[in-house]
file work.tsv (TSV, C-alpha atoms)
chain	number	residue	atom	x	y	z
A	1	MET	CA	38.68	10.83	27.88
A	2	THR	CA	42.37	10.98	28.43
A	3	GLY	CA	43.93	8.40	30.67
A	4	GLN	CA	47.39	8.15	31.97
A	5	VAL	CA	49.18	4.88	31.98
A	6	ALA	CA	51.40	4.69	35.06
A	7	VAL	CA	54.39	2.44	34.87
A	8	SER	CA	55.51	1.36	38.28
A	9	GLY	CA	58.85	-0.02	39.33
A	10	ILE	CA	61.04	1.48	36.64
A	11	PRO	CA	62.21	4.95	37.75
A	12	GLU	CA	63.30	6.17	34.26
A	13	LEU	CA	59.86	5.52	32.77
A	14	LEU	CA	57.84	7.04	35.59
A	15	SER	CA	57.78	10.37	33.80
A	16	ALA	CA	56.39	8.84	30.55
A	17	CYS	CA	52.64	9.24	30.06
A	18	ARG	CA	50.40	8.27	27.21
A	19	GLY	CA	47.02	9.70	26.37
A	20	VAL	CA	44.23	7.38	25.33
A	21	HIS	CA	41.08	8.72	23.74
A	22	THR	CA	37.95	6.62	23.90
A	23	THR	CA	34.37	7.34	22.91
A	24	ALA	CA	31.12	5.47	23.44
A	25	ILE	CA	30.49	2.90	20.71
A	26	CYS	CA	28.54	4.23	17.71
A	27	CYS	CA	27.65	1.14	15.73
A	28	LYS	CA	27.23	1.32	11.99
A	29	ASN	CA	23.75	0.74	10.62
A	30	ARG	CA	23.32	-2.84	9.53
A	31	ALA	CA	19.62	-2.97	8.67
A	32	ALA	CA	18.78	-4.52	5.27
A	33	ARG	CA	22.31	-4.00	3.98
A	34	VAL	CA	24.58	-6.48	2.28
A	35	ARG	CA	28.12	-5.90	3.50
A	36	VAL	CA	30.70	-5.15	0.82
A	37	GLY	CA	33.01	-8.10	0.04
A	38	LYS	CA	35.76	-8.96	-2.41
A	39	GLY	CA	33.68	-8.45	-5.56
A	40	ASP	CA	32.46	-12.02	-5.95
A	41	LYS	CA	29.11	-11.78	-4.15
A	42	PRO	CA	26.17	-11.50	-6.60
A	43	VAL	CA	23.47	-9.18	-5.33
A	44	THR	CA	20.00	-8.35	-6.69
A	45	TYR	CA	18.72	-4.77	-7.10
A	46	GLU	CA	16.59	-5.20	-4.01
A	47	GLN	CA	19.53	-6.33	-1.86
A	48	ALA	CA	22.00	-3.80	-3.27
A	49	HIS	CA	20.06	-0.75	-2.06
A	50	PRO	CA	19.94	0.01	1.67
A	51	PRO	CA	16.62	1.14	3.19
A	52	HIS	CA	17.17	4.88	2.90
A	53	TYR	CA	16.62	4.46	-0.85
A	54	ILE	CA	13.00	3.37	-0.35
A	55	ALA	CA	10.72	5.76	-2.28
A	56	HIS	CA	13.77	7.05	-4.16
A	57	ARG	CA	15.26	4.05	-5.94
A	58	LYS	CA	13.28	1.22	-4.36
A	59	GLY	CA	9.60	0.50	-4.00
A	60	TRP	CA	7.75	-1.19	-1.20
A	61	LEU	CA	7.60	-4.94	-0.75
A	62	SER	CA	4.40	-4.97	1.25
A	63	LEU	CA	1.56	-2.68	0.21
A	64	HIS	CA	-1.28	-2.02	2.61
A	65	THR	CA	-3.03	0.98	4.05
A	66	SER	CA	-2.45	0.47	7.78
A	67	ASN	CA	0.68	2.63	7.92
A	68	LEU	CA	-1.15	5.67	6.59
A	69	ASP	CA	-2.19	8.55	8.81
A	70	GLY	CA	-5.34	7.68	10.74
A	71	GLU	CA	-5.45	4.01	9.74
A	72	GLU	CA	-5.27	1.06	12.15
A	73	GLY	CA	-4.05	-2.51	12.10
A	74	ALA	CA	-0.38	-1.97	11.24
A	75	SER	CA	0.93	-4.54	13.71
A	76	ASP	CA	-1.53	-7.23	12.54
A	77	ARG	CA	-0.56	-6.71	8.91
A	78	THR	CA	3.15	-6.78	9.76
A	79	VAL	CA	2.84	-10.06	11.67
A	80	GLU	CA	0.87	-11.58	8.79
A	81	ASP	CA	3.53	-10.41	6.33
A	82	VAL	CA	6.36	-11.96	8.33
A	83	PHE	CA	4.49	-15.25	8.57
A	84	ILE	CA	3.69	-15.31	4.84
A	85	ARG	CA	7.29	-14.63	3.87
A	86	LYS	CA	8.61	-17.40	6.14
A	87	PHE	CA	5.91	-19.75	4.92
A	88	LEU	CA	6.72	-19.15	1.26
A	89	TYR	CA	10.45	-19.40	1.90
A	90	GLY	CA	9.86	-22.86	3.35
A	91	THR	CA	7.21	-24.07	0.89
A	92	PHE	CA	9.32	-23.33	-2.20
A	93	PRO	CA	12.70	-24.62	-1.07
A	94	GLY	CA	15.51	-22.68	-2.72
A	95	CYS	CA	13.19	-21.48	-5.47
A	96	LEU	CA	12.55	-17.87	-4.52
A	97	ALA	CA	14.69	-15.56	-6.64
A	98	ASP	CA	13.84	-12.39	-4.75
A	99	GLN	CA	11.73	-11.08	-1.90
A	100	VAL	CA	8.01	-11.74	-2.27
A	101	VAL	CA	5.73	-8.73	-2.94
A	102	LEU	CA	2.51	-8.68	-0.90
A	103	LYS	CA	-0.46	-6.58	-1.89
A	104	ARG	CA	-3.73	-6.12	-0.09
A	105	ARG	CA	-6.62	-5.03	-2.24
A	106	ALA	CA	-9.97	-4.87	-0.44
A	107	ASN	CA	-9.83	-8.07	1.64
A	108	GLU	CA	-7.86	-9.91	-1.03
A	109	LEU	CA	-4.24	-10.82	-0.42
A	110	ILE	CA	-2.20	-10.93	-3.62
A	111	ILE	CA	1.24	-12.48	-3.44
A	112	CYS	CA	3.63	-11.85	-6.32
A	113	ALA	CA	6.63	-14.15	-6.28
A	114	LEU	CA	9.62	-14.41	-8.56
A	115	MET	CA	10.83	-18.00	-8.76
A	116	LEU	CA	13.70	-19.98	-10.14
A	117	GLN	CA	13.00	-22.85	-12.51
A	118	ARG	CA	14.26	-25.49	-10.15
A	119	LEU	CA	11.18	-27.62	-9.62
A	120	PRO	CA	9.15	-29.39	-12.32
A	121	PRO	CA	5.93	-27.51	-13.17
A	122	ILE	CA	3.63	-30.19	-11.72
A	123	LYS	CA	5.17	-29.70	-8.31
A	124	ILE	CA	5.04	-25.92	-8.65
A	125	TYR	CA	1.33	-26.01	-9.49
A	126	PHE	CA	0.65	-28.24	-6.53
A	127	LEU	CA	2.64	-26.01	-4.16
A	128	VAL	CA	0.85	-22.90	-5.45
A	129	GLY	CA	-2.57	-24.45	-4.84
A	130	TYR	CA	-1.49	-25.77	-1.46
A	131	SER	CA	-0.13	-22.44	-0.25
A	132	GLU	CA	-3.19	-20.56	-1.53
A	133	ALA	CA	-5.60	-22.93	0.19
A	134	LEU	CA	-3.66	-22.96	3.44
A	135	LEU	CA	-3.18	-19.19	3.62
A	136	SER	CA	-6.84	-18.57	2.77
A	137	ALA	CA	-7.81	-20.89	5.59
A	138	PHE	CA	-5.45	-19.12	8.02
A	139	TYR	CA	-6.40	-15.55	7.20
A	140	LYS	CA	-10.05	-16.07	6.19
A	141	CYS	CA	-9.60	-13.99	3.04
A	142	PRO	CA	-9.03	-14.85	-0.63
A	143	VAL	CA	-5.34	-15.36	-1.28
A	144	ARG	CA	-3.93	-15.40	-4.80
A	145	LEU	CA	-0.40	-16.32	-5.68
A	146	TYR	CA	1.00	-14.95	-8.92
A	147	LEU	CA	4.25	-16.44	-10.14
A	148	GLN	CA	6.89	-15.42	-12.58
A	149	THR	CA	9.76	-17.81	-13.21
A	150	VAL	CA	13.27	-16.95	-14.29
A	151	PRO	CA	16.13	-19.30	-15.14
A	152	THR	CA	18.60	-17.67	-12.71
A	153	LYS	CA	18.60	-14.88	-10.15
A	154	ASN	CA	18.65	-11.39	-11.59
A	155	VAL	CA	22.06	-10.11	-10.57
A	156	TYR	CA	22.32	-6.30	-10.39
A	157	LYS	CA	25.96	-6.13	-9.37
A	158	TYR	CA	28.76	-8.02	-7.68
A	159	ILE	CA	29.78	-6.69	-4.27
B	1	MET	CA	-7.35	2.01	-15.42
B	2	TYR	CA	-4.50	1.66	-12.99
B	3	TYR	CA	-5.50	-1.91	-12.06
B	4	SER	CA	-5.93	-3.23	-15.60
B	5	PHE	CA	-2.74	-1.43	-16.72
B	6	PHE	CA	-0.83	-3.32	-14.05
B	7	LEU	CA	-2.32	-6.67	-15.16
B	8	ILE	CA	-1.32	-5.98	-18.74
B	9	PHE	CA	2.18	-5.11	-17.49
B	10	LEU	CA	2.35	-8.43	-15.61
B	11	SER	CA	1.38	-10.44	-18.68
B	12	PHE	CA	3.85	-8.48	-20.82
B	13	THR	CA	6.78	-9.21	-18.51
B	14	PHE	CA	5.75	-12.85	-18.23
B	15	SER	CA	5.66	-13.49	-21.97
B	16	ASN	CA	9.14	-12.00	-22.32
B	17	THR	CA	10.88	-14.73	-20.34
B	18	HIS	CA	11.91	-17.73	-22.38
B	19	LEU	CA	9.59	-20.36	-21.06
B	20	ASN	CA	8.17	-23.41	-22.74
B	21	TRP	CA	6.65	-25.40	-20.00
B	22	VAL	CA	5.09	-23.04	-17.45
B	23	GLN	CA	1.87	-21.40	-18.57
B	24	PHE	CA	0.82	-17.86	-17.91
B	25	SER	CA	0.41	-17.86	-14.20
B	26	ASN	CA	-3.17	-16.74	-13.98
B	27	LEU	CA	-3.98	-20.13	-12.58
B	28	HIS	CA	-7.34	-19.04	-11.28
B	29	VAL	CA	-10.35	-18.76	-13.52
B	30	ASP	CA	-12.94	-16.58	-11.85
B	31	VAL	CA	-16.38	-18.07	-12.46
B	32	ARG	CA	-18.60	-15.03	-12.28
B	33	SER	CA	-21.78	-16.04	-14.06
B	34	ASP	CA	-24.00	-13.88	-11.88
B	35	MET	CA	-22.07	-10.73	-12.80
B	36	ASP	CA	-22.97	-11.02	-16.52
B	37	LYS	CA	-26.52	-9.74	-16.16
B	38	PRO	CA	-26.58	-6.06	-15.23
B	39	LYS	CA	-29.19	-5.36	-12.62
B	40	ILE	CA	-31.12	-2.22	-13.46
B	41	SER	CA	-33.96	-1.51	-11.06
B	42	ILE	CA	-36.52	1.22	-11.65
B	43	SER	CA	-38.41	2.62	-8.70
B	44	ASP	CA	-40.88	5.48	-8.21
B	45	GLU	CA	-39.05	7.07	-5.28
B	46	PRO	CA	-37.15	10.23	-6.14
B	47	ASP	CA	-33.40	9.71	-6.33
B	48	THR	CA	-31.24	11.29	-3.61
B	49	LEU	CA	-29.42	14.39	-4.77
B	50	TYR	CA	-25.92	15.21	-3.70
B	51	LYS	CA	-24.64	18.75	-3.59
B	52	HIS	CA	-20.98	17.78	-3.23
B	53	LEU	CA	-19.07	14.55	-3.17
B	54	SER	CA	-15.57	14.77	-1.73
B	55	VAL	CA	-13.17	11.90	-2.31
B	56	LEU	CA	-9.93	12.08	-0.33
B	57	VAL	CA	-7.25	9.55	-1.23
B	58	LYS	CA	-4.25	8.91	0.99
B	59	GLY	CA	-1.10	7.08	0.04
B	60	HIS	CA	2.61	6.72	0.64
B	61	ASP	CA	3.60	7.28	-2.97
B	62	LYS	CA	2.87	10.54	-4.78
B	63	ALA	CA	3.23	9.01	-8.25
B	64	VAL	CA	0.53	6.44	-7.48
B	65	LEU	CA	-1.82	9.20	-6.32
B	66	ASP	CA	-1.07	11.21	-9.48
B	67	SER	CA	-2.00	8.33	-11.72
B	68	TYR	CA	-5.11	7.56	-9.67
B	69	GLU	CA	-6.22	11.18	-9.85
B	70	TYR	CA	-5.84	11.11	-13.64
B	71	PHE	CA	-7.94	7.94	-13.75
B	72	ALA	CA	-10.67	9.33	-11.45
B	73	VAL	CA	-10.91	12.62	-13.38
B	74	LEU	CA	-11.10	10.73	-16.68
B	75	ALA	CA	-13.85	8.48	-15.32
B	76	ALA	CA	-15.82	11.49	-14.04
B	77	LYS	CA	-15.56	13.20	-17.43
B	78	GLU	CA	-16.71	10.04	-19.22
B	79	LEU	CA	-19.73	9.76	-16.93
B	80	GLY	CA	-20.51	13.45	-17.42
B	81	ILE	CA	-19.93	14.43	-13.78
B	82	SER	CA	-18.94	18.05	-13.24
B	83	ILE	CA	-15.72	18.33	-11.26
B	84	LYS	CA	-15.57	21.19	-8.81
B	85	LYS	CA	-11.97	21.03	-7.64
B	86	VAL	CA	-8.97	18.70	-7.62
B	87	HIS	CA	-6.42	19.79	-5.06
B	88	GLU	CA	-3.57	18.40	-3.04
B	89	PRO	CA	-3.78	18.88	0.74
B	90	PRO	CA	-0.33	19.13	2.35
B	91	ARG	CA	1.43	15.90	3.27
B	92	LYS	CA	1.80	14.65	6.83
B	93	ILE	CA	5.02	13.08	8.09
B	94	GLU	CA	4.98	11.01	11.29
B	95	ARG	CA	8.52	10.74	12.70
B	96	LEU	CA	9.74	8.29	15.32
B	97	THR	CA	13.05	8.53	17.13
B	98	LEU	CA	14.04	5.18	18.65
B	99	LEU	CA	17.13	3.86	20.40
B	100	LYS	CA	19.57	2.33	17.95
B	101	SER	CA	20.83	-0.34	20.32
B	102	VAL	CA	19.01	-3.08	22.17
B	103	HIS	CA	20.70	-2.25	25.48
B	104	ILE	CA	22.04	1.15	26.73
B	105	PHE	CA	23.68	3.68	24.32
B	106	LYS	CA	21.06	6.32	24.93
B	107	LYS	CA	22.91	8.90	22.83
B	108	HIS	CA	22.64	6.92	19.60
B	109	ARG	CA	19.23	6.86	18.05
B	110	VAL	CA	17.59	5.95	14.78
B	111	GLN	CA	14.88	8.02	13.12
B	112	TYR	CA	12.07	6.66	10.98
B	113	GLU	CA	9.32	8.50	9.24
B	114	MET	CA	5.99	7.59	7.66
B	115	ARG	CA	4.77	9.93	4.97
B	116	THR	CA	1.14	10.28	3.97
B	117	TYR	CA	0.32	12.17	0.78
B	118	TYR	CA	-3.23	13.34	0.07
B	119	ARG	CA	-5.27	14.13	-2.99
B	120	CYS	CA	-8.81	15.50	-2.87
B	121	LEU	CA	-11.30	15.30	-5.71
B	122	GLU	CA	-14.53	17.26	-5.28
B	123	VAL	CA	-17.45	16.76	-7.64
B	124	LYS	CA	-20.77	18.56	-7.55
B	125	HIS	CA	-24.41	18.05	-8.50
B	126	LEU	CA	-24.76	14.26	-8.60
B	127	THR	CA	-27.73	11.96	-8.33
B	128	GLY	CA	-27.64	9.04	-5.93
B	129	SER	CA	-27.37	6.41	-8.64
B	130	THR	CA	-24.59	8.28	-10.47
B	131	ALA	CA	-22.72	8.67	-7.21
B	132	ASP	CA	-23.10	4.96	-6.43
B	133	VAL	CA	-21.86	3.91	-9.86
B	134	TYR	CA	-18.95	6.34	-9.84
B	135	LEU	CA	-17.87	5.46	-6.31
B	136	GLU	CA	-18.12	1.74	-6.95
B	137	TYR	CA	-16.00	2.05	-10.09
B	138	ILE	CA	-13.44	4.22	-8.32
B	139	GLN	CA	-13.24	1.92	-5.32
B	140	ARG	CA	-12.92	-1.30	-7.28
B	141	ASN	CA	-9.87	0.20	-8.96
B	142	LEU	CA	-8.19	1.59	-5.89
B	143	PRO	CA	-4.51	0.66	-5.97
B	144	GLU	CA	-3.12	-1.33	-3.06
B	145	GLY	CA	-1.58	0.85	-0.38
B	146	VAL	CA	-4.03	3.69	-1.04
B	147	ALA	CA	-6.89	4.52	1.29
B	148	MET	CA	-9.98	6.53	0.44
B	149	GLU	CA	-12.40	8.63	2.49
B	150	VAL	CA	-15.66	9.79	0.94
B	151	THR	CA	-17.74	12.70	2.24
B	152	LYS	CA	-21.20	13.15	0.76
B	153	THR	CA	-23.26	16.30	1.11
B	154	ARG	CA	-26.90	15.49	0.49
B	155	LEU	CA	-29.69	17.86	-0.54
B	156	GLU	CA	-32.89	17.38	1.44
B	157	GLN	CA	-36.38	18.80	1.10
B	158	LEU	CA	-37.16	21.48	3.69
B	159	PRO	CA	-39.20	19.80	6.52
B	160	GLU	CA	-42.92	20.70	6.59
B	161	HIS	CA	-42.94	22.27	10.06
B	162	ILE	CA	-40.46	25.00	9.21
B	163	LYS	CA	-41.79	25.96	5.77
B	164	GLU	CA	-43.97	28.75	7.14
B	165	PRO	CA	-42.50	31.33	9.57
B	166	LEU	CA	-43.81	30.88	13.13
B	167	TRP	CA	-45.33	34.36	13.57
B	168	GLU	CA	-47.61	33.80	10.54
B	169	MET	CA	-48.85	30.52	12.05
B	170	LEU	CA	-49.52	32.21	15.39
B	171	GLY	CA	-51.41	34.99	13.58
B	172	GLU	CA	-53.66	32.39	11.90
B	173	GLU	CA	-54.32	30.68	15.23
B	174	GLU	CA	-55.37	34.04	16.80
B	175	LYS	CA	-57.74	34.70	13.91
B	176	ALA	CA	-59.16	31.15	14.27
B	177	SER	CA	-59.64	31.66	18.03
B	178	LYS	CA	-61.35	35.07	17.50
B	179	ALA	CA	-63.68	33.71	14.82
call {"tool": "encode", "arguments": {"input": "work.tsv", "output": "structure tokens"}}
result
Amino acid sequence: MTGQVAVSGIPELLSACRGVHTTAICCKNRAARVRVGKGDKPVTYEQAHPPHYIAHRKGWLSLHTSNLDGEEGASDRTVEDVFIRKFLYGTFPGCLADQVVLKRRANELIICALMLQRLPPIKIYFLVGYSEALLSAFYKCPVRLYLQTVPTKNVYKYI
Amino acid sequence: MYYSFFLIFLSFTFSNTHLNWVQFSNLHVDVRSDMDKPKISISDEPDTLYKHLSVLVKGHDKAVLDSYEYFAVLAAKELGISIKKVHEPPRKIERLTLLKSVHIFKKHRVQYEMRTYYRCLEVKHLTGSTADVYLEYIQRNLPEGVAMEVTKTRLEQLPEHIKEPLWEMLGEEEKASKA
């Protein structure tokens, strides 16, 4: 839209007019994207790819059948997933190298986590047993936690 | 099998990392003593016969369905089941168009889609026990994120009351009433 800026009081500038173009705000997509920085931010493969690469360069983090055509229970599974991710993020403080992969196979909930070698193994074993027992009690289904430990995070590139 | 292949893959990746002090993370030992003895029961009733068995698998990922179809066809061939047809019904895409912003900005939307790919495996001429064994094997090895629908077409004996045509029965009754 063009607007005219009127300058009052100064007769020589009354004839000057300026056009201003404005549009409604079209925000950039920010979902699941790491914003580009100076080149010093390490980023894993999972974080480096925005969500439109799912099924092309990325896989799925949470595998269940409720999002298929004609299947129910999508909202319940999603809420469970969010809780499990928050729970694991808190139970293993600073130890998760990447997002946790959740798989549901016929009533069983299989959690695959990639961890850093920050805690001594005794503590890790205890935390694994504790989280399995607690999550099985919450969701009334067998929960198994599979771990893989790495010394440092797997950096794909620096953004 | 897709499931056991994945387990082998997990153990392979785990042994590659340079670890001394954390064991292979299969921390659970499944105690399944009752599964060791196979239960074979013999009964005098005739086994149910199936004309067709149609297994429809649905998933988000076509590659997963491809590998599962290969596994199911291989299993059927090993068990000696004759496969009628393996075909791919067309995919269904469910699209949602939602508002991009929390408040106002009606002109700017975001579109999501959920794709469902299908694969249909039809087998013919099965007995009930073969069908049970095959289906149980297939279902125990279903990958996560894949759903299955099974349609069974059973062969039944013709019921007694429609074996003879009705006009012949009426004819016999007339003869019985005359005599």
call {"tool": "interface_residues", "arguments": {"input": "work.tsv", "of": "chain B", "to": "chain A", "cutoff": "6 Å", "atoms": "only C-alpha atoms", "output": "MDAnalysis selection string"}}
result
chainID B and resid 25 116 144:147
call {"tool": "closest_residue", "arguments": {"input": "work.tsv", "among": "A:Ser131, A:Gln99, A:Asn107, A:Thr152", "to": "Tyr45 of chain A", "atoms": "all atoms listed in the file"}}
result
A:Gln99
call {"tool": "atom_distance", "arguments": {"input": "work.tsv", "atom1": "atom CA of Ile138 of chain B", "atom2": "atom CA of Ala72 of chain B"}}
result
6.6 Å
call {"tool": "atom_distance", "arguments": {"input": "work.tsv", "atom1": "atom CA of Tyr70 of chain B", "atom2": "atom CA of Pro89 of chain B"}}
result
16.5 Å
call {"tool": "axis_aligned_box", "arguments": {"input": "work.tsv", "around": "segment 95-112 of chain A", "padding_each_side": "4 Å", "output": "lines of an AutoDock Vina configuration file"}}
result
center_x = 2.4
center_y = -13.2
center_z = -2.5
size_x = 32.7
size_y = 24.6
size_z = 16.3
call {"tool": "residues_near_point", "arguments": {"input": "work.tsv", "point": "(10.3, -11.5, 0.5)", "cutoff": "10 Å", "atoms": "all atoms listed in the file", "output": "ChimeraX atom specification"}}
result
/A:46,61-62,81-82,84-86,88-89,96-102,111-114
call {"tool": "atom_distance", "arguments": {"input": "work.tsv", "atom1": "atom CA of Glu108 of chain A", "atom2": "atom CA of Leu134 of chain A"}}
result
14.4 Å
call {"tool": "residues_around", "arguments": {"input": "work.tsv", "residues": "Tyr50 of chain B", "least_positions_apart": "2", "cutoff": "7 Å", "atoms": "only C-alpha atoms", "output": "short mmCIF file (atom, residue, chain, number, x, y, z; two decimals) with C-alpha atoms, in the coordinates of the input"}}
result
data_model
loop_
_atom_site.label_atom_id
_atom_site.label_comp_id
_atom_site.auth_asym_id
_atom_site.auth_seq_id
_atom_site.Cartn_x
_atom_site.Cartn_y
_atom_site.Cartn_z
CA THR B 48 -31.24 11.29 -3.61
CA HIS B 52 -20.98 17.78 -3.23
CA LEU B 53 -19.07 14.55 -3.17
CA HIS B 125 -24.41 18.05 -8.50
CA LEU B 126 -24.76 14.26 -8.60
CA THR B 127 -27.73 11.96 -8.33
CA GLY B 128 -27.64 9.04 -5.93
CA LYS B 152 -21.20 13.15 0.76
CA THR B 153 -23.26 16.30 1.11
CA ARG B 154 -26.90 15.49 0.49
CA LEU B 155 -29.69 17.86 -0.54
#
call {"tool": "residues_around", "arguments": {"input": "work.tsv", "residues": "Val133 of chain B", "least_positions_apart": "6", "cutoff": "12 Å", "atoms": "only C-alpha atoms", "output": "MDAnalysis selection string"}}
result
chainID B and resid 40 75:76 79 81 126:127 139:140
call {"tool": "residues_near_point", "arguments": {"input": "work.tsv", "point": "(31.1, -14.1, -7.2)", "cutoff": "12 Å", "atoms": "all atoms listed in the file", "output": "ChimeraX atom specification"}}
result
/A:37-43,155,157-159
call {"tool": "build_atoms", "arguments": {"input": "work.tsv", "residues": "segment 138-146 of chain B", "atoms": "all heavy atoms", "output": "short mmCIF file (atom, residue, chain, number, x, y, z; two decimals), in the coordinates of the input"}}
result
data_model
loop_
_atom_site.label_atom_id
_atom_site.label_comp_id
_atom_site.auth_asym_id
_atom_site.auth_seq_id
_atom_site.Cartn_x
_atom_site.Cartn_y
_atom_site.Cartn_z
N ILE B 138 -14.68 3.68 -8.90
CA ILE B 138 -13.44 4.22 -8.32
C ILE B 138 -12.87 3.27 -7.29
O ILE B 138 -11.67 2.99 -7.25
CB ILE B 138 -13.74 5.58 -7.67
CG1 ILE B 138 -14.14 6.61 -8.73
CG2 ILE B 138 -12.60 6.08 -6.86
CD1 ILE B 138 -12.99 7.17 -9.47
N GLN B 139 -13.74 2.74 -6.42
CA GLN B 139 -13.24 1.92 -5.32
C GLN B 139 -12.77 0.56 -5.78
O GLN B 139 -11.85 -0.02 -5.20
CB GLN B 139 -14.32 1.78 -4.25
CG GLN B 139 -14.45 3.05 -3.44
CD GLN B 139 -15.74 3.14 -2.70
OE1 GLN B 139 -16.48 2.16 -2.59
NE2 GLN B 139 -16.03 4.31 -2.18
N ARG B 140 -13.39 0.01 -6.80
CA ARG B 140 -12.92 -1.30 -7.28
C ARG B 140 -11.53 -1.18 -7.88
O ARG B 140 -10.78 -2.15 -7.92
CB ARG B 140 -13.87 -1.84 -8.35
CG ARG B 140 -15.00 -2.61 -7.77
CD ARG B 140 -15.83 -3.25 -8.86
NE ARG B 140 -17.08 -3.72 -8.31
CZ ARG B 140 -17.24 -4.90 -7.75
NH1 ARG B 140 -16.25 -5.75 -7.68
NH2 ARG B 140 -18.42 -5.25 -7.26
N ASN B 141 -11.17 0.03 -8.35
CA ASN B 141 -9.87 0.20 -8.96
C ASN B 141 -8.90 0.96 -8.09
O ASN B 141 -7.94 1.53 -8.60
CB ASN B 141 -10.05 0.93 -10.30
CG ASN B 141 -10.78 0.06 -11.27
OD1 ASN B 141 -10.27 -0.97 -11.67
ND2 ASN B 141 -11.98 0.44 -11.61
N LEU B 142 -9.14 0.95 -6.79
CA LEU B 142 -8.19 1.59 -5.89
C LEU B 142 -6.90 0.78 -5.88
O LEU B 142 -6.94 -0.42 -5.69
CB LEU B 142 -8.73 1.57 -4.46
CG LEU B 142 -9.21 2.85 -3.81
CD1 LEU B 142 -9.49 2.58 -2.36
CD2 LEU B 142 -8.18 3.95 -3.91
N PRO B 143 -5.75 1.44 -6.05
CA PRO B 143 -4.51 0.66 -5.97
C PRO B 143 -4.27 0.20 -4.54
O PRO B 143 -4.79 0.78 -3.59
CB PRO B 143 -3.43 1.68 -6.39
CG PRO B 143 -4.13 2.87 -6.86
CD PRO B 143 -5.53 2.84 -6.38
N GLU B 144 -3.44 -0.85 -4.41
CA GLU B 144 -3.12 -1.33 -3.06
C GLU B 144 -2.24 -0.28 -2.39
O GLU B 144 -1.47 0.41 -3.03
CB GLU B 144 -2.39 -2.67 -3.15
CG GLU B 144 -1.24 -2.71 -4.12
CD GLU B 144 -1.68 -2.81 -5.57
OE1 GLU B 144 -2.71 -3.44 -5.84
OE2 GLU B 144 -1.00 -2.23 -6.40
N GLY B 145 -2.38 -0.14 -1.10
CA GLY B 145 -1.58 0.85 -0.38
C GLY B 145 -2.17 2.24 -0.42
O GLY B 145 -1.55 3.20 0.02
N VAL B 146 -3.38 2.38 -0.97
CA VAL B 146 -4.03 3.69 -1.04
C VAL B 146 -5.36 3.57 -0.33
O VAL B 146 -6.13 2.66 -0.57
CB VAL B 146 -4.24 4.10 -2.52
CG1 VAL B 146 -5.15 5.29 -2.64
CG2 VAL B 146 -2.92 4.40 -3.16
#
